[in-house]
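Asker: Just so it is clear, I am handing over run-v1.cif, which has mmCIF, C-alpha atoms and all ligand atoms.
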```cif
data_final
loop_
_atom_site.label_atom_id
_atom_site.label_comp_id
_atom_site.auth_asym_id
_atom_site.auth_seq_id
_atom_site.Cartn_x
_atom_site.Cartn_y
_atom_site.Cartn_z
CA MET A 1 -19.94 -8.44 17.38
CA GLY A 2 -21.49 -5.49 15.57
CA ILE A 3 -23.50 -5.24 12.37
CA GLY A 4 -23.36 -8.23 10.03
CA GLY A 5 -21.04 -10.13 12.36
CA MET A 6 -18.29 -7.49 12.21
CA SER A 7 -16.36 -6.62 15.33
CA GLN A 8 -16.25 -2.98 16.41
CA THR A 9 -12.56 -2.90 15.44
CA SER A 10 -13.14 -4.13 11.91
CA THR A 11 -16.16 -1.81 11.53
CA GLY A 12 -13.90 1.06 12.65
CA SER A 13 -11.11 0.20 10.23
CA LEU A 14 -13.62 -0.29 7.41
CA SER A 15 -15.15 3.14 7.99
CA ARG A 16 -11.64 4.63 8.25
CA ALA A 17 -10.69 3.00 4.93
CA ILE A 18 -13.91 4.25 3.30
CA ARG A 19 -13.33 7.76 4.68
CA GLN A 20 -9.75 7.75 3.39
CA GLN A 21 -10.93 6.52 -0.01
CA LEU A 22 -13.54 9.28 -0.21
CA GLU A 23 -10.98 11.91 0.82
CA GLY A 24 -8.73 10.67 -1.98
CA LEU A 25 -11.59 10.85 -4.48
CA GLU A 26 -12.43 14.35 -3.29
CA ARG A 27 -8.80 15.44 -3.72
CA ALA A 28 -9.02 14.13 -7.28
CA GLY A 29 -11.98 16.41 -7.96
CA LEU A 30 -14.91 14.00 -7.42
CA THR A 31 -18.11 15.73 -6.42
CA HIS A 32 -20.56 12.84 -6.92
CA LEU A 33 -20.46 9.13 -7.58
CA PRO A 34 -21.68 8.05 -11.03
CA ARG A 35 -24.91 6.05 -11.01
CA ARG A 36 -26.38 6.39 -14.45
CA LYS A 37 -26.14 3.78 -17.16
CA SER A 38 -24.88 5.82 -20.07
CA PRO A 39 -25.40 5.34 -23.80
CA ARG A 40 -24.35 2.31 -25.75
CA ALA A 41 -20.95 1.66 -27.22
CA ASP A 42 -21.98 2.80 -30.68
CA GLN A 43 -22.43 6.32 -29.33
CA SER A 44 -18.99 6.44 -27.77
CA PRO A 45 -16.25 8.71 -29.08
CA ARG A 46 -14.46 6.95 -31.92
CA PRO A 47 -10.84 6.51 -30.93
CA LEU A 48 -8.02 5.19 -32.99
CA ALA A 49 -8.09 1.52 -33.88
CA THR A 50 -5.58 -0.68 -32.10
CA SER A 51 -4.14 -2.98 -34.76
CA PRO A 52 -0.38 -2.53 -34.46
CA ALA A 53 2.30 -2.11 -37.15
CA ALA A 54 5.95 -3.11 -37.10
CA PRO A 55 7.90 -2.04 -34.01
CA THR A 56 10.56 0.61 -34.37
CA GLU A 57 14.02 0.59 -32.84
CA ASN A 58 14.10 3.89 -31.05
CA PHE A 59 11.44 6.30 -29.98
CA VAL A 60 13.27 9.59 -30.54
CA PRO A 61 12.79 10.60 -34.17
CA LYS A 62 15.97 11.04 -36.19
CA PRO A 63 15.35 14.39 -37.98
CA LYS A 64 16.01 17.65 -36.17
CA LEU A 65 12.82 18.95 -34.68
CA SER A 66 11.59 22.49 -34.91
CA PRO A 67 10.83 24.24 -31.62
CA VAL A 68 7.35 23.96 -30.10
CA SER A 69 5.28 26.68 -31.65
CA ALA A 70 2.27 26.67 -29.34
CA SER A 71 2.73 28.18 -25.94
CA PRO A 72 1.26 26.07 -23.12
CA THR A 73 -2.08 27.29 -21.96
CA LEU A 74 -3.92 26.47 -18.79
CA ALA A 75 -7.44 25.86 -19.99
CA ALA A 76 -10.25 26.42 -17.54
CA PRO A 77 -13.75 25.95 -18.94
CA PHE A 78 -14.15 22.16 -18.68
CA SER A 79 -16.07 20.50 -15.92
CA PRO A 80 -13.36 18.73 -13.88
CA ILE A 81 -11.11 21.75 -14.11
CA SER A 82 -13.32 24.14 -12.25
CA GLN A 83 -13.55 21.95 -9.14
CA PRO A 84 -12.14 23.59 -6.03
CA VAL A 85 -8.69 22.32 -5.21
CA GLN A 86 -8.36 20.82 -1.75
CA PRO A 87 -5.62 22.01 0.58
CA GLU A 88 -2.53 19.88 0.23
CA ILE A 89 -2.39 16.81 2.47
CA LYS A 90 0.78 14.81 1.87
CA LEU A 91 0.37 11.08 2.30
CA SER A 92 3.37 8.93 3.09
CA ARG A 93 4.55 6.39 0.54
CA ASP A 94 3.29 3.58 2.81
CA ASP A 95 -0.17 5.16 3.09
CA ARG A 96 -0.38 5.54 -0.65
CA THR A 97 0.76 2.00 -1.27
CA GLN A 98 -1.75 0.67 1.23
CA ARG A 99 -4.63 2.68 -0.22
CA LEU A 100 -3.81 1.54 -3.72
CA ALA A 101 -3.67 -2.06 -2.49
CA VAL A 102 -7.11 -1.71 -0.84
CA LEU A 103 -8.54 -0.17 -4.00
CA ASN A 104 -6.95 -2.91 -6.12
CA GLU A 105 -8.71 -5.55 -4.00
CA THR A 106 -12.04 -3.79 -4.68
CA VAL A 107 -11.27 -3.65 -8.40
CA LYS A 108 -10.45 -7.38 -8.45
CA GLN A 109 -13.96 -8.12 -7.20
CA CYS A 110 -15.67 -5.62 -9.53
CA GLN A 111 -18.71 -6.90 -11.44
CA ARG A 112 -20.07 -3.53 -12.60
CA CYS A 113 -19.59 -4.32 -16.30
CA SER A 114 -20.97 -7.83 -16.67
CA GLU A 115 -19.43 -8.45 -20.10
CA LEU A 116 -15.95 -7.35 -19.03
CA ALA A 117 -16.15 -9.18 -15.70
CA SER A 118 -17.12 -12.41 -17.43
CA THR A 119 -14.51 -12.24 -20.20
CA ARG A 120 -11.43 -10.88 -18.39
CA LYS A 121 -8.65 -13.18 -17.25
CA GLN A 122 -7.89 -10.70 -14.49
CA THR A 123 -8.22 -7.03 -13.70
CA VAL A 124 -5.32 -4.72 -14.59
CA PHE A 125 -5.10 -2.09 -11.90
CA GLY A 126 -1.91 -0.06 -12.33
CA VAL A 127 1.79 -0.20 -11.73
CA GLY A 128 4.60 2.07 -10.64
CA ASN A 129 5.62 4.67 -8.16
CA ALA A 130 2.92 5.57 -5.62
CA GLU A 131 4.71 8.93 -5.19
CA ALA A 132 5.15 9.56 -8.92
CA ARG A 133 5.20 13.13 -10.20
CA ILE A 134 3.62 11.86 -13.42
CA VAL A 135 0.72 9.45 -13.95
CA PHE A 136 0.30 7.95 -17.40
CA ILE A 137 -3.26 6.98 -18.39
CA GLY A 138 -3.98 4.68 -21.32
CA GLU A 139 -7.20 3.28 -22.69
CA ALA A 140 -7.74 -0.29 -21.51
CA PRO A 141 -5.79 -3.53 -21.14
CA GLY A 142 -5.18 -5.58 -24.28
CA ALA A 143 -4.54 -9.30 -24.52
CA ASP A 144 -0.99 -9.12 -23.09
CA GLU A 145 -2.06 -6.94 -20.19
CA ASP A 146 -5.06 -9.18 -19.48
CA ALA A 147 -2.71 -12.18 -19.38
CA GLN A 148 -0.02 -10.52 -17.21
CA GLY A 149 -2.14 -8.25 -15.01
CA GLU A 150 0.02 -5.19 -15.75
CA PRO A 151 -0.71 -2.21 -18.00
CA PHE A 152 1.32 -1.54 -21.12
CA VAL A 153 3.34 -4.75 -21.35
CA GLY A 154 2.61 -5.54 -25.02
CA ARG A 155 4.02 -3.85 -28.12
CA ALA A 156 2.45 -0.49 -27.30
CA GLY A 157 3.98 -0.87 -23.84
CA GLN A 158 7.43 -1.50 -25.28
CA LEU A 159 7.15 1.71 -27.25
CA LEU A 160 5.93 3.50 -24.15
CA ASN A 161 9.03 2.22 -22.34
CA LYS A 162 11.21 3.72 -25.09
CA ILE A 163 9.43 7.05 -24.73
CA ILE A 164 9.99 6.92 -20.96
CA GLU A 165 13.68 6.15 -21.46
CA ALA A 166 14.05 8.87 -24.11
CA CYS A 167 12.77 11.27 -21.48
CA GLY A 168 15.53 10.15 -19.11
CA MET A 169 13.24 8.20 -16.79
CA LYS A 170 12.66 4.60 -15.84
CA ARG A 171 9.28 2.87 -15.97
CA GLU A 172 9.35 2.64 -12.16
CA ASP A 173 9.55 6.44 -11.89
CA VAL A 174 6.02 6.96 -13.19
CA TYR A 175 2.65 5.41 -12.38
CA ILE A 176 0.85 3.73 -15.27
CA CYS A 177 -2.83 2.84 -15.45
CA ASN A 178 -5.80 2.85 -17.80
CA ILE A 179 -9.30 4.29 -18.04
CA LEU A 180 -10.64 0.71 -17.85
CA LYS A 181 -9.24 -1.93 -15.53
CA CYS A 182 -10.62 -4.81 -17.63
CA ARG A 183 -9.90 -5.82 -21.22
CA PRO A 184 -12.77 -5.14 -23.62
CA PRO A 185 -13.30 -8.33 -25.65
CA GLY A 186 -11.45 -8.23 -28.95
CA ASN A 187 -9.84 -4.95 -27.86
CA ARG A 188 -12.98 -3.07 -28.83
CA THR A 189 -13.36 0.55 -27.83
CA PRO A 190 -14.47 0.97 -24.21
CA ALA A 191 -18.19 1.75 -23.99
CA PRO A 192 -19.20 5.00 -22.26
CA ASP A 193 -20.96 3.18 -19.41
CA GLU A 194 -17.83 1.08 -18.83
CA CYS A 195 -15.75 4.25 -18.54
CA VAL A 196 -18.28 5.70 -16.08
CA ASN A 197 -18.28 2.49 -14.04
CA CYS A 198 -14.49 2.50 -13.82
CA ARG A 199 -14.02 6.22 -13.19
CA GLU A 200 -14.27 5.88 -9.43
CA TYR A 201 -11.23 3.58 -9.46
CA LEU A 202 -9.21 5.95 -11.63
CA LEU A 203 -10.12 8.88 -9.38
CA GLY A 204 -9.09 6.78 -6.39
CA GLN A 205 -5.69 6.18 -7.98
CA LEU A 206 -5.24 9.85 -8.88
CA GLY A 207 -6.44 11.05 -5.48
CA THR A 208 -4.00 8.72 -3.75
CA ILE A 209 -0.95 9.41 -5.90
CA ASP A 210 -1.80 13.10 -6.20
CA PRO A 211 0.54 13.62 -9.19
CA GLU A 212 1.76 16.98 -10.46
CA TYR A 213 1.25 15.84 -14.04
CA ILE A 214 -1.02 13.44 -15.90
CA VAL A 215 -0.38 12.29 -19.45
CA CYS A 216 -3.42 10.98 -21.31
CA TRP A 217 -2.30 8.61 -24.05
CA GLY A 218 -4.87 8.70 -26.84
CA THR A 219 -8.42 9.82 -27.39
CA VAL A 220 -10.16 7.52 -24.91
CA ALA A 221 -7.95 8.60 -22.01
CA ALA A 222 -8.08 12.29 -22.90
CA GLN A 223 -11.80 12.52 -23.58
CA ASN A 224 -12.79 10.50 -20.56
CA LEU A 225 -10.52 12.12 -18.01
CA LEU A 226 -11.35 15.65 -19.11
CA SER A 227 -14.98 15.02 -20.15
CA MET A 228 -14.30 16.58 -23.52
CA ASP A 229 -15.19 15.48 -27.03
CA TRP A 230 -12.33 17.11 -28.92
CA THR A 231 -10.11 14.99 -31.11
CA ILE A 232 -6.73 14.08 -29.67
CA GLY A 233 -5.10 16.21 -32.38
CA LYS A 234 -6.92 19.25 -31.03
CA MET A 235 -6.26 18.41 -27.38
CA ARG A 236 -2.48 18.14 -27.76
CA LYS A 237 0.18 20.78 -27.25
CA ARG A 238 -1.23 22.44 -24.12
CA PHE A 239 -2.00 21.77 -20.49
CA TYR A 240 -5.35 21.28 -18.82
CA GLN A 241 -5.96 21.36 -15.08
CA PHE A 242 -7.46 18.36 -13.25
CA GLY A 243 -7.58 18.90 -9.51
CA ARG A 244 -3.99 19.82 -8.65
CA ALA A 245 -2.51 18.08 -11.69
CA LYS A 246 -1.60 19.54 -15.06
CA VAL A 247 -2.79 17.27 -17.86
CA LEU A 248 -1.13 16.77 -21.22
CA CYS A 249 -2.84 14.76 -23.96
CA THR A 250 -0.96 13.07 -26.76
CA TYR A 251 -1.18 10.23 -29.25
CA HIS A 252 -1.48 6.64 -28.03
CA PRO A 253 1.59 4.42 -28.51
CA SER A 254 -0.58 1.99 -30.56
CA TYR A 255 -1.25 4.84 -32.96
CA LEU A 256 2.47 5.53 -33.18
CA LEU A 257 3.09 1.89 -34.10
CA ARG A 258 0.81 2.36 -37.07
CA ASN A 259 1.84 5.95 -37.80
CA PRO A 260 5.54 6.36 -36.93
CA ALA A 261 5.49 9.85 -38.46
CA ALA A 262 3.47 10.99 -35.44
CA LYS A 263 6.37 10.18 -33.08
CA LYS A 264 7.79 13.63 -33.64
CA ASP A 265 4.50 15.10 -32.38
CA VAL A 266 4.63 13.00 -29.22
CA TRP A 267 8.25 14.05 -28.75
CA GLU A 268 7.17 17.70 -28.98
CA ASP A 269 4.52 16.98 -26.33
CA MET A 270 7.11 15.32 -24.09
CA LYS A 271 9.40 18.33 -24.47
CA LEU A 272 6.52 20.57 -23.46
CA LEU A 273 5.84 18.41 -20.41
CA PHE A 274 9.44 18.24 -19.29
CA ALA A 275 10.06 21.93 -19.93
CA ASP A 276 7.19 22.62 -17.54
CA MET A 277 8.85 20.26 -15.04
CA GLY A 278 12.08 22.22 -15.39
CA LYS A 279 13.95 19.75 -17.57
CA THR A 280 15.09 20.28 -21.17
CA LEU A 281 14.80 17.26 -23.42
CA THR A 282 17.15 17.00 -26.41
CA PRO A 283 17.16 16.91 -29.39
N1 LIG A 301 -3.10 0.05 -24.48
C1 LIG A 301 -3.58 0.72 -23.42
O1 LIG A 301 -4.23 1.74 -23.57
N2 LIG A 301 -3.32 0.25 -22.23
C2 LIG A 301 -2.60 -0.83 -22.01
O2 LIG A 301 -2.41 -1.18 -20.87
C3 LIG A 301 -2.08 -1.49 -23.14
C4 LIG A 301 -2.33 -1.05 -24.36
#
```
Could you quickly redo this structure as structure tokens?

Answerer:
Amino acid sequence: MGIGGMSQTSTGSLSRAIRQQLEGLERAGLTHLPRRKSPRADQSPRPLATSPAAPTENFVPKPKLSPVSASPTLAAPFSPISQPVQPEIKLSRDDRTQRLAVLNETVKQCQRCSELASTRKQTVFGVGNAEARIVFIGEAPGADEDAQGEPFVGRAGQLLNKIIEACGMKREDVYICNILKCRPPGNRTPAPDECVNCREYLLGQLGTIDPEYIVCWGTVAAQNLLSMDWTIGKMRKRFYQFGRAKVLCTYHPSYLLRNPAAKKDVWEDMKLLFADMGKTLTP
């Protein structure tokens, strides 16, 4: 037996797992692990409220849409963007699935945010294709997600499913996760220190899946992933770079439930995304 009663074999596999995890984080652009306790919730960016409105039948807006006016730009000046990109190392689907499972086990035990850990029913890690070309990032689990342990299964999730289908994909084609893996009580806005605490898990997911594209749904996802304080309206309609992935930011499905007129904007963003992927979305 080695240290702390561990056999040499289990010590070896533990250090291998830790090394693999760190390599994944590095591929996602991590240069240091967050330690600081950041400011209180009342200093956090103010995202859109989450109270939903009536569901709509279809996602694709009825009127004819005008062509996208803004040309996509690859922005460079923001902190995660200027990280050096690691040489490509392709992981097999099995490796990715296993790494995500290991990370999920860590997340299940997480006690970093005492309020969230004591109020959650369960953690909500992520779901979908470990080899997805696109990762969708939302804000945090709500009541339905907390109950079911899967992101985007409530009304916002149903609208997200319609958006996915309108784009000619299935939910299983993408990977879906959130900035926070625990539900904030009462669906309050995630506090900055909670986002910092959870960032390592998100970077682990991104480093493992290594997607070509990331879509940030809403202000909390966009501002936290890209470390920016712009409004979501200003962040839309162009690409940012995060590690090897191109990032598109758009309105959160919960916002669309309350403001159906904004669906046409999200549809424009989806057309921009898919045009970049080589696929034309109609209408
Ligand atoms: N809103 C989110 O941002 N994420 C979910 O998982 C559900 C609703």

Asker: Which protein, DNA or RNA residues have an atom within 10 Å of ligand LIG 301 (chain A), counting only C-alpha atoms and all ligand atoms, as a ChimeraX atom specification?

Answerer: /A:50,124-126,136-146,149-158,160,176-183,187,216-221,252-255

Asker: Of the candidates A:Ile134, A:Met235, A:Ala147, A:Val107, which one gets nearest to Lys121 of chain A if we count only C-alpha atoms?

Answerer: A:Ala147

Asker: Atom CA of Ala166 of chain A to atom CA of Gln241 of chain A: how many Å, to one decimal?

Answerer: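 So the answer is 25.3 Å.
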
Asker: Distance atom CA of Ser227 of chain A-atom CA of Cys110 of chain A, one decimal place?

Answerer: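 Those two atoms sit 23.2 Å apart.
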
Asker: Counting only C-alpha atoms, which of A:Met228, A:Leu206, A:Ala191, A:Val215 gets nearest to Glu115 of chain A?

Answerer: A:Ala191

Asker: Write out as a ChimeraX atom specification which residues come within 12 Å of Leu248 of chain A when counting all atoms listed in the file, dropping same-chain ones fewer than 4 positions away.

Answerer: /A:72-75,134-137,212-219,221-223,225-226,232-242,266,268-274,276

Asker: Given the choices A:Ala262, A:Leu257, A:Val247, A:Cys198, which gets closest to Leu159 of chain A if the distance is worked out from only C-alpha atoms?

Answerer: A:Leu257

Asker: Figure out the distance between atom CA of Cys195 of chain A and atom CA of Asn129 of chain A, please, to one decimal in Å.

Answerer: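 Atom CA of Asn129 of chain A sits 23.8 Å away from atom CA of Cys195 of chain A.
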
Asker: When distances are computed from all atoms listed in the file, which of A:Lys264, A:Arg258, A:Arg244, A:Arg188 shows the smallest separation from Ile209 of chain A?

Answerer: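 Checking each candidate against Ile209 of chain A, we get A:Arg244 as the closest.
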
Asker: Rebuild segment 108-119 of chain A so that it carries all heavy atoms, then output the result as a PDB file, in the coordinates of the input.

Answerer:
```
ATOM      1  N   LYS A 108     -10.497  -5.940  -8.105  1.00  0.00           N
ATOM      2  CA  LYS A 108     -10.450  -7.380  -8.450  1.00  0.00           C
ATOM      3  C   LYS A 108     -11.818  -8.037  -8.349  1.00  0.00           C
ATOM      4  O   LYS A 108     -12.116  -8.992  -9.055  1.00  0.00           O
ATOM      5  CB  LYS A 108      -9.479  -8.107  -7.513  1.00  0.00           C
ATOM      6  CG  LYS A 108      -8.028  -7.913  -7.866  1.00  0.00           C
ATOM      7  CD  LYS A 108      -7.150  -8.703  -6.906  1.00  0.00           C
ATOM      8  CE  LYS A 108      -5.695  -8.336  -7.085  1.00  0.00           C
ATOM      9  NZ  LYS A 108      -4.829  -8.909  -6.055  1.00  0.00           N
ATOM     10  N   GLN A 109     -12.632  -7.525  -7.409  1.00  0.00           N
ATOM     11  CA  GLN A 109     -13.960  -8.120  -7.200  1.00  0.00           C
ATOM     12  C   GLN A 109     -15.027  -7.490  -8.096  1.00  0.00           C
ATOM     13  O   GLN A 109     -16.186  -7.887  -8.053  1.00  0.00           O
ATOM     14  CB  GLN A 109     -14.431  -7.906  -5.733  1.00  0.00           C
ATOM     15  CG  GLN A 109     -13.438  -8.355  -4.662  1.00  0.00           C
ATOM     16  CD  GLN A 109     -13.109  -9.833  -4.779  1.00  0.00           C
ATOM     17  OE1 GLN A 109     -13.996 -10.630  -5.098  1.00  0.00           O
ATOM     18  NE2 GLN A 109     -11.842 -10.188  -4.579  1.00  0.00           N
ATOM     19  N   CYS A 110     -14.664  -6.451  -8.842  1.00  0.00           N
ATOM     20  CA  CYS A 110     -15.670  -5.620  -9.530  1.00  0.00           C
ATOM     21  C   CYS A 110     -16.474  -6.432 -10.556  1.00  0.00           C
ATOM     22  O   CYS A 110     -15.916  -7.173 -11.350  1.00  0.00           O
ATOM     23  CB  CYS A 110     -14.992  -4.438 -10.214  1.00  0.00           C
ATOM     24  SG  CYS A 110     -16.194  -3.296 -10.932  1.00  0.00           S
ATOM     25  N   GLN A 111     -17.804  -6.244 -10.492  1.00  0.00           N
ATOM     26  CA  GLN A 111     -18.710  -6.900 -11.440  1.00  0.00           C
ATOM     27  C   GLN A 111     -19.599  -5.871 -12.128  1.00  0.00           C
ATOM     28  O   GLN A 111     -20.652  -6.207 -12.661  1.00  0.00           O
ATOM     29  CB  GLN A 111     -19.611  -7.903 -10.683  1.00  0.00           C
ATOM     30  CG  GLN A 111     -18.874  -9.020  -9.967  1.00  0.00           C
ATOM     31  CD  GLN A 111     -18.276 -10.044 -10.931  1.00  0.00           C
ATOM     32  OE1 GLN A 111     -18.848 -10.297 -11.977  1.00  0.00           O
ATOM     33  NE2 GLN A 111     -17.120 -10.604 -10.573  1.00  0.00           N
ATOM     34  N   ARG A 112     -19.191  -4.584 -12.083  1.00  0.00           N
ATOM     35  CA  ARG A 112     -20.070  -3.530 -12.600  1.00  0.00           C
ATOM     36  C   ARG A 112     -20.365  -3.705 -14.092  1.00  0.00           C
ATOM     37  O   ARG A 112     -21.460  -3.387 -14.539  1.00  0.00           O
ATOM     38  CB  ARG A 112     -19.422  -2.157 -12.385  1.00  0.00           C
ATOM     39  CG  ARG A 112     -19.440  -1.719 -10.955  1.00  0.00           C
ATOM     40  CD  ARG A 112     -18.739  -0.385 -10.791  1.00  0.00           C
ATOM     41  NE  ARG A 112     -18.672  -0.032  -9.389  1.00  0.00           N
ATOM     42  CZ  ARG A 112     -18.096   1.066  -8.929  1.00  0.00           C
ATOM     43  NH1 ARG A 112     -17.541   1.909  -9.761  1.00  0.00           N
ATOM     44  NH2 ARG A 112     -18.081   1.306  -7.636  1.00  0.00           N
ATOM     45  N   CYS A 113     -19.383  -4.124 -14.853  1.00  0.00           N
ATOM     46  CA  CYS A 113     -19.590  -4.320 -16.300  1.00  0.00           C
ATOM     47  C   CYS A 113     -19.644  -5.834 -16.522  1.00  0.00           C
ATOM     48  O   CYS A 113     -18.595  -6.486 -16.541  1.00  0.00           O
ATOM     49  CB  CYS A 113     -18.451  -3.722 -17.106  1.00  0.00           C
ATOM     50  SG  CYS A 113     -18.069  -2.016 -16.680  1.00  0.00           S
ATOM     51  N   SER A 114     -20.841  -6.369 -16.677  1.00  0.00           N
ATOM     52  CA  SER A 114     -20.970  -7.830 -16.670  1.00  0.00           C
ATOM     53  C   SER A 114     -20.167  -8.482 -17.799  1.00  0.00           C
ATOM     54  O   SER A 114     -19.542  -9.526 -17.603  1.00  0.00           O
ATOM     55  CB  SER A 114     -22.440  -8.249 -16.707  1.00  0.00           C
ATOM     56  OG  SER A 114     -23.065  -7.590 -17.766  1.00  0.00           O
ATOM     57  N   GLU A 115     -20.160  -7.843 -18.976  1.00  0.00           N
ATOM     58  CA  GLU A 115     -19.430  -8.450 -20.100  1.00  0.00           C
ATOM     59  C   GLU A 115     -17.920  -8.500 -19.794  1.00  0.00           C
ATOM     60  O   GLU A 115     -17.264  -9.526 -19.987  1.00  0.00           O
ATOM     61  CB  GLU A 115     -19.670  -7.677 -21.394  1.00  0.00           C
ATOM     62  CG  GLU A 115     -19.059  -8.398 -22.591  1.00  0.00           C
ATOM     63  CD  GLU A 115     -19.084  -7.574 -23.871  1.00  0.00           C
ATOM     64  OE1 GLU A 115     -19.268  -6.350 -23.799  1.00  0.00           O
ATOM     65  OE2 GLU A 115     -18.881  -8.183 -24.937  1.00  0.00           O
ATOM     66  N   LEU A 116     -17.397  -7.400 -19.299  1.00  0.00           N
ATOM     67  CA  LEU A 116     -15.950  -7.350 -19.030  1.00  0.00           C
ATOM     68  C   LEU A 116     -15.589  -8.307 -17.888  1.00  0.00           C
ATOM     69  O   LEU A 116     -14.569  -9.007 -17.946  1.00  0.00           O
ATOM     70  CB  LEU A 116     -15.515  -5.928 -18.669  1.00  0.00           C
ATOM     71  CG  LEU A 116     -15.798  -4.836 -19.706  1.00  0.00           C
ATOM     72  CD1 LEU A 116     -15.084  -3.547 -19.331  1.00  0.00           C
ATOM     73  CD2 LEU A 116     -15.404  -5.274 -21.108  1.00  0.00           C
ATOM     74  N   ALA A 117     -16.445  -8.328 -16.864  1.00  0.00           N
ATOM     75  CA  ALA A 117     -16.150  -9.180 -15.700  1.00  0.00           C
ATOM     76  C   ALA A 117     -16.170 -10.655 -16.089  1.00  0.00           C
ATOM     77  O   ALA A 117     -15.432 -11.468 -15.518  1.00  0.00           O
ATOM     78  CB  ALA A 117     -17.145  -8.900 -14.583  1.00  0.00           C
ATOM     79  N   SER A 118     -17.010 -10.995 -17.067  1.00  0.00           N
ATOM     80  CA  SER A 118     -17.120 -12.410 -17.430  1.00  0.00           C
ATOM     81  C   SER A 118     -16.098 -12.831 -18.488  1.00  0.00           C
ATOM     82  O   SER A 118     -15.897 -14.020 -18.702  1.00  0.00           O
ATOM     83  CB  SER A 118     -18.544 -12.734 -17.907  1.00  0.00           C
ATOM     84  OG  SER A 118     -18.806 -12.025 -19.091  1.00  0.00           O
ATOM     85  N   THR A 119     -15.475 -11.865 -19.139  1.00  0.00           N
ATOM     86  CA  THR A 119     -14.510 -12.240 -20.200  1.00  0.00           C
ATOM     87  C   THR A 119     -13.059 -11.991 -19.797  1.00  0.00           C
ATOM     88  O   THR A 119     -12.148 -12.526 -20.433  1.00  0.00           O
ATOM     89  CB  THR A 119     -14.801 -11.468 -21.515  1.00  0.00           C
ATOM     90  OG1 THR A 119     -14.829 -10.064 -21.233  1.00  0.00           O
ATOM     91  CG2 THR A 119     -16.128 -11.890 -22.116  1.00  0.00           C
TER      92      THR A 119
END
```
